[in-house]
Amino acid sequence: MHRRQFLATGAAASIGGVLPNFNFIEERSTKDNARHFSPILEPIDASSGFKEFHLFVDLVQHEIVPGVSIHTLAFNGTIPGPEIRVNEGDRVRVHFENRTGLNHTIHWHGLHVPWRMDGVPYMTQLPVMPDQTFVYEFDARPYGTHIYHCHWGTMLHMQAGMYGAIIVDPAEGQTDPIQNVFPYEREYTLVYSSHDTNFIRNELNIMLERMKERRFLMQNGRFEKERFGLFADIDDLKSAMAKGYHPPYTTRRRTSADLPDPNFFTINGKSYPETPRLMIREGENIRVRLINAGASAHSLHLHGTDFWVVADDGYPLPNPRRMNTILLAPGKTHDIIIPGDNPGIWAFHDHDTRRATNNGVYPGGTLTALVYEDLPYMDRMAMPGMAEMQEHDPAAQMENASMEMDGLTHLPFISLDQ
Ligand SMILES: [Cu+2]
């Protein structure tokens, strides 16, 4: 038997189950880890007096974890969409181009934009239809961590991937109110979401077919608003019903089997083991912006220390609160400060453990870790319990021996190479 094969068999045997499993924090340098965060969107033009950005939506193939890719919707080709950073008071212009066969809008969640820029279809604007570009224009306010997302068919479009972070920094020349209280140099944005991959695939196919039909009928002057559920007001609906129109909720009932039942839980579009890590050094504070762009709540717990909750929906809290578990409800943002006061490698995970799985299999989901970059090499390599395990478990002993032959002394840990 090949050594690698033996190693895999040994690992499965030692957990006593039939499920293939893995448990590791892979080797990842700080530089590699940086790739697990969204790039910041570059303005296209600053000469107009506006900070102008270009966002587009297209169908993409997105990998959640190795072996699981979905065909879905994304802003600028990535999930989440790129991070937009502006300063308070900036005049902002976003050219939003629809490259798909579906309708979309953008809602600026937490920002106080003019109402016609709020992105709610048929309430504040018409949907941005296939091949159209819509220009959103607003002043960036208030300060803080916010979200942008599609507001058309949100049950599908948001979990499909149409969300991102929009962060309003203090006005140019002003210092950050949180920086004033908790000096920090590094910050991380973690955007949480949950996805039902079957629901996304089925609904996207249905919607694309429906839009094809709608476009065909419109082009041929045979578009009937009833067929697409478009009514001017409640009387319009009632008169259509008097003529035989049945609203879909009267003819069928969707059960939990038809509604989204998420099987993947992501941070920045990826599930464990591909989740971003929080890198820290002893003595420093890091700022972490937690955003929930999904429809599941996350009860996030940090091992090893407490963090300070410093902002709620973007607003700096006058009295920061110290805790180790925070409920991140759908649509919420919280900023936390983690002090580097207990060197180690510490789990940071959802305490609703169903959300620490991939397709129901643990470990996975939003599991991640706070990792000290300056942890001494020997501390990282010496795994407590390893010696005892070798003494009493012949399988583990053999497994470890074969790992040594492969040039590994112990289970793979995080590499601290810069
Ligand atoms: Cu959309």
# chains A, B, ... in the order shown; residues from 1 in each chain; ligands from 1
call {"tool": "residues_around", "arguments": {"residues": "Met207 of chain A", "least_positions_apart": "5", "cutoff": "9 Å", "atoms": "only C-alpha atoms", "output": "PyMOL selection string"}}
result
chain A and resi 101-102+202+212
call {"tool": "closest_atom_pairs", "arguments": {"of": "chain A", "to": "ligand 1", "cutoff": "12 Å", "atoms": "only C-alpha atoms and all ligand atoms", "output": "CSV"}}
result
residue,atom,partner,partner_atom_place_in_ligand_line,distance
A:Phe56,CA,ligand 1,1 (Cu),10.7
A:Val57,CA,ligand 1,1 (Cu),7.9
A:Asp58,CA,ligand 1,1 (Cu),9.7
A:Leu59,CA,ligand 1,1 (Cu),10.7
A:Thr72,CA,ligand 1,1 (Cu),10.7
A:Leu73,CA,ligand 1,1 (Cu),7.7
A:Ala74,CA,ligand 1,1 (Cu),8.8
A:Phe75,CA,ligand 1,1 (Cu),9.4
A:Phe96,CA,ligand 1,1 (Cu),11.3
A:Glu97,CA,ligand 1,1 (Cu),11.4
A:Asn98,CA,ligand 1,1 (Cu),9.0
A:Arg99,CA,ligand 1,1 (Cu),10.9
A:Thr100,CA,ligand 1,1 (Cu),9.2
A:Gly101,CA,ligand 1,1 (Cu),10.3
A:Leu102,CA,ligand 1,1 (Cu),7.2
A:Asn103,CA,ligand 1,1 (Cu),6.0
A:His104,CA,ligand 1,1 (Cu),3.7
A:Thr105,CA,ligand 1,1 (Cu),6.0
A:Ile106,CA,ligand 1,1 (Cu),7.7
A:His107,CA,ligand 1,1 (Cu),10.2
A:Gly119,CA,ligand 1,1 (Cu),10.6
A:Val120,CA,ligand 1,1 (Cu),11.0
A:Pro121,CA,ligand 1,1 (Cu),10.4
A:Pro127,CA,ligand 1,1 (Cu),9.1
A:Val128,CA,ligand 1,1 (Cu),8.9
A:Met129,CA,ligand 1,1 (Cu),9.9
A:Pro130,CA,ligand 1,1 (Cu),10.7
A:Tyr148,CA,ligand 1,1 (Cu),11.4
A:His149,CA,ligand 1,1 (Cu),8.0
A:Cys150,CA,ligand 1,1 (Cu),4.6
A:His151,CA,ligand 1,1 (Cu),6.3
A:Trp152,CA,ligand 1,1 (Cu),5.0
A:Gly153,CA,ligand 1,1 (Cu),6.6
A:Thr154,CA,ligand 1,1 (Cu),7.0
A:Met155,CA,ligand 1,1 (Cu),9.8
A:Leu156,CA,ligand 1,1 (Cu),8.0
A:His157,CA,ligand 1,1 (Cu),4.7
A:Met158,CA,ligand 1,1 (Cu),7.2
A:Gln159,CA,ligand 1,1 (Cu),10.1
A:Ala160,CA,ligand 1,1 (Cu),8.7
A:Gly161,CA,ligand 1,1 (Cu),9.0
A:Met162,CA,ligand 1,1 (Cu),6.4
A:Tyr163,CA,ligand 1,1 (Cu),9.4
A:Leu204,CA,ligand 1,1 (Cu),10.6
A:Met207,CA,ligand 1,1 (Cu),10.9
A:Leu208,CA,ligand 1,1 (Cu),11.8
call {"tool": "residues_around", "arguments": {"residues": "Asp306 of chain A", "least_positions_apart": "4", "cutoff": "7 Å", "atoms": "only C-alpha atoms", "output": "PyMOL selection string"}}
result
chain A and resi 322-324
call {"tool": "select_by_dssp", "arguments": {"residues": "segment 111-269 of chain A", "states": "helix (DSSP H, G or I)", "output": "PyMOL selection string"}}
result
chain A and resi 115-117+154-160+177-181+197-219+225-228+234-242+248-251
call {"tool": "residues_around", "arguments": {"residues": "segment 80-86 of chain A", "least_positions_apart": "2", "cutoff": "7 Å", "atoms": "only C-alpha atoms", "output": "MDAnalysis selection string"}}
result
chainID A and resid 38:41 74:76 78 88 90 140 161:169 268:269
call {"tool": "write_last_selection", "arguments": {"atoms": "C-alpha atoms", "output": "mmCIF file, in the first residue's frame"}}
result
data_model
loop_
_atom_site.group_PDB
_atom_site.id
_atom_site.type_symbol
_atom_site.label_atom_id
_atom_site.label_comp_id
_atom_site.auth_asym_id
_atom_site.auth_seq_id
_atom_site.Cartn_x
_atom_site.Cartn_y
_atom_site.Cartn_z
ATOM 1 C CA SER A 38 -12.341 41.029 -0.950
ATOM 2 C CA PRO A 39 -10.286 43.446 -3.016
ATOM 3 C CA ILE A 40 -11.123 47.132 -2.582
ATOM 4 C CA LEU A 41 -12.901 48.557 -5.615
ATOM 5 C CA ALA A 74 -21.934 37.789 -8.598
ATOM 6 C CA PHE A 75 -20.936 41.454 -8.562
ATOM 7 C CA ASN A 76 -17.762 42.002 -10.626
ATOM 8 C CA THR A 78 -16.521 37.678 -7.082
ATOM 9 C CA GLU A 88 -18.097 60.343 4.896
ATOM 10 C CA ASP A 90 -18.063 61.897 -0.483
ATOM 11 C CA ALA A 140 -21.736 58.706 1.647
ATOM 12 C CA GLY A 161 -23.972 35.936 -4.142
ATOM 13 C CA MET A 162 -25.141 39.487 -4.832
ATOM 14 C CA TYR A 163 -23.796 41.187 -1.722
ATOM 15 C CA GLY A 164 -20.719 43.064 -0.569
ATOM 16 C CA ALA A 165 -19.341 45.461 2.030
ATOM 17 C CA ILE A 166 -19.550 49.240 1.713
ATOM 18 C CA ILE A 167 -17.515 51.002 4.344
ATOM 19 C CA VAL A 168 -17.793 54.691 5.087
ATOM 20 C CA ASP A 169 -14.558 55.915 6.666
ATOM 21 C CA ASN A 268 -16.194 35.939 2.228
ATOM 22 C CA GLY A 269 -17.768 33.365 -0.093
#
call {"tool": "residues_around", "arguments": {"residues": "Leu259 of chain A", "least_positions_apart": "6", "cutoff": "12 Å", "atoms": "only C-alpha atoms", "output": "list in words"}}
result
Met155, Leu156, His195, Asp196, Thr197, Asn198, Phe199, Ile200, Asn202, Glu203, Arg253 and Ala295 of chain A
call {"tool": "closest_residue", "arguments": {"among": "A:Gly344, A:Pro262, A:Pro316, A:Pro339", "to": "Asn358 of chain A", "atoms": "only C-alpha atoms"}}
result
A:Pro262
call {"tool": "select_by_dssp", "arguments": {"residues": "segment 218-298 of chain A", "states": "strand (DSSP E or B)", "output": "list in words"}}
result
Phe264, Phe265, Thr266, Ile267, Lys270, Leu278, Met279, Ile280, Asn285, Ile286, Arg287, Val288, Arg289, Leu290, Ile291, Asn292 and His298 of chain A
call {"tool": "closest_residue", "arguments": {"among": "A:Ile178, A:His146, A:Gly360, A:Pro330", "to": "Leu317 of chain A", "atoms": "only C-alpha atoms"}}
result
A:Ile178
call {"tool": "closest_residue", "arguments": {"among": "A:Asp261, A:Glu185, A:Asp176, A:Glu52", "to": "Ile338 of chain A", "atoms": "only C-alpha atoms"}}
result
A:Glu185
call {"tool": "closest_residue", "arguments": {"among": "A:Phe228, A:Phe223, A:Tyr143, A:Tyr272", "to": "Pro248 of chain A", "atoms": "only C-alpha atoms"}}
result
A:Phe228
call {"tool": "closest_residue", "arguments": {"among": "A:His109, A:His349, A:Lys225, A:Arg28", "to": "Lys332 of chain A", "atoms": "only C-alpha atoms"}}
result
A:His109
call {"tool": "decode", "arguments": {"residues": "segment 182-196 of chain A", "atoms": "N, CA and C atoms", "output": "mmCIF file, in the first residue's frame"}}
result
data_model
loop_
_atom_site.group_PDB
_atom_site.id
_atom_site.type_symbol
_atom_site.label_atom_id
_atom_site.label_comp_id
_atom_site.auth_asym_id
_atom_site.auth_seq_id
_atom_site.Cartn_x
_atom_site.Cartn_y
_atom_site.Cartn_z
ATOM 1 N N PHE A 182 -9.398 52.508 20.619
ATOM 2 C CA PHE A 182 -8.625 51.260 20.517
ATOM 3 C C PHE A 182 -7.664 51.372 19.330
ATOM 4 N N PRO A 183 -6.462 51.888 19.560
ATOM 5 C CA PRO A 183 -5.546 52.031 18.422
ATOM 6 C C PRO A 183 -5.308 50.668 17.757
ATOM 7 N N TYR A 184 -5.407 50.636 16.451
ATOM 8 C CA TYR A 184 -5.153 49.388 15.712
ATOM 9 C C TYR A 184 -4.498 49.740 14.393
ATOM 10 N N GLU A 185 -3.771 48.766 13.840
ATOM 11 C CA GLU A 185 -3.175 48.972 12.526
ATOM 12 C C GLU A 185 -3.838 48.140 11.455
ATOM 13 N N ARG A 186 -4.307 46.952 11.867
ATOM 14 C CA ARG A 186 -4.866 46.056 10.859
ATOM 15 C C ARG A 186 -6.356 45.848 11.096
ATOM 16 N N GLU A 187 -7.095 45.697 10.006
ATOM 17 C CA GLU A 187 -8.518 45.393 10.124
ATOM 18 C C GLU A 187 -8.902 44.359 9.083
ATOM 19 N N TYR A 188 -9.966 43.637 9.373
ATOM 20 C CA TYR A 188 -10.439 42.567 8.490
ATOM 21 C C TYR A 188 -11.948 42.696 8.322
ATOM 22 N N THR A 189 -12.433 42.447 7.108
ATOM 23 C CA THR A 189 -13.880 42.423 6.867
ATOM 24 C C THR A 189 -14.308 40.982 6.632
ATOM 25 N N LEU A 190 -15.227 40.488 7.467
ATOM 26 C CA LEU A 190 -15.761 39.132 7.307
ATOM 27 C C LEU A 190 -17.237 39.237 6.929
ATOM 28 N N VAL A 191 -17.574 38.811 5.714
ATOM 29 C CA VAL A 191 -18.962 38.856 5.263
ATOM 30 C C VAL A 191 -19.522 37.433 5.301
ATOM 31 N N TYR A 192 -20.498 37.222 6.185
ATOM 32 C CA TYR A 192 -21.098 35.895 6.368
ATOM 33 C C TYR A 192 -22.300 35.728 5.451
ATOM 34 N N SER A 193 -22.501 34.485 4.970
ATOM 35 C CA SER A 193 -23.728 34.182 4.243
ATOM 36 C C SER A 193 -24.019 32.684 4.328
ATOM 37 N N SER A 194 -25.227 32.308 3.913
ATOM 38 C CA SER A 194 -25.581 30.893 3.865
ATOM 39 C C SER A 194 -26.262 30.627 2.523
ATOM 40 N N HIS A 195 -26.071 29.427 2.019
ATOM 41 C CA HIS A 195 -26.491 29.125 0.652
ATOM 42 C C HIS A 195 -27.116 27.736 0.573
ATOM 43 N N ASP A 196 -28.261 27.636 -0.091
ATOM 44 C CA ASP A 196 -28.833 26.332 -0.430
ATOM 45 C C ASP A 196 -28.493 26.106 -1.904
#
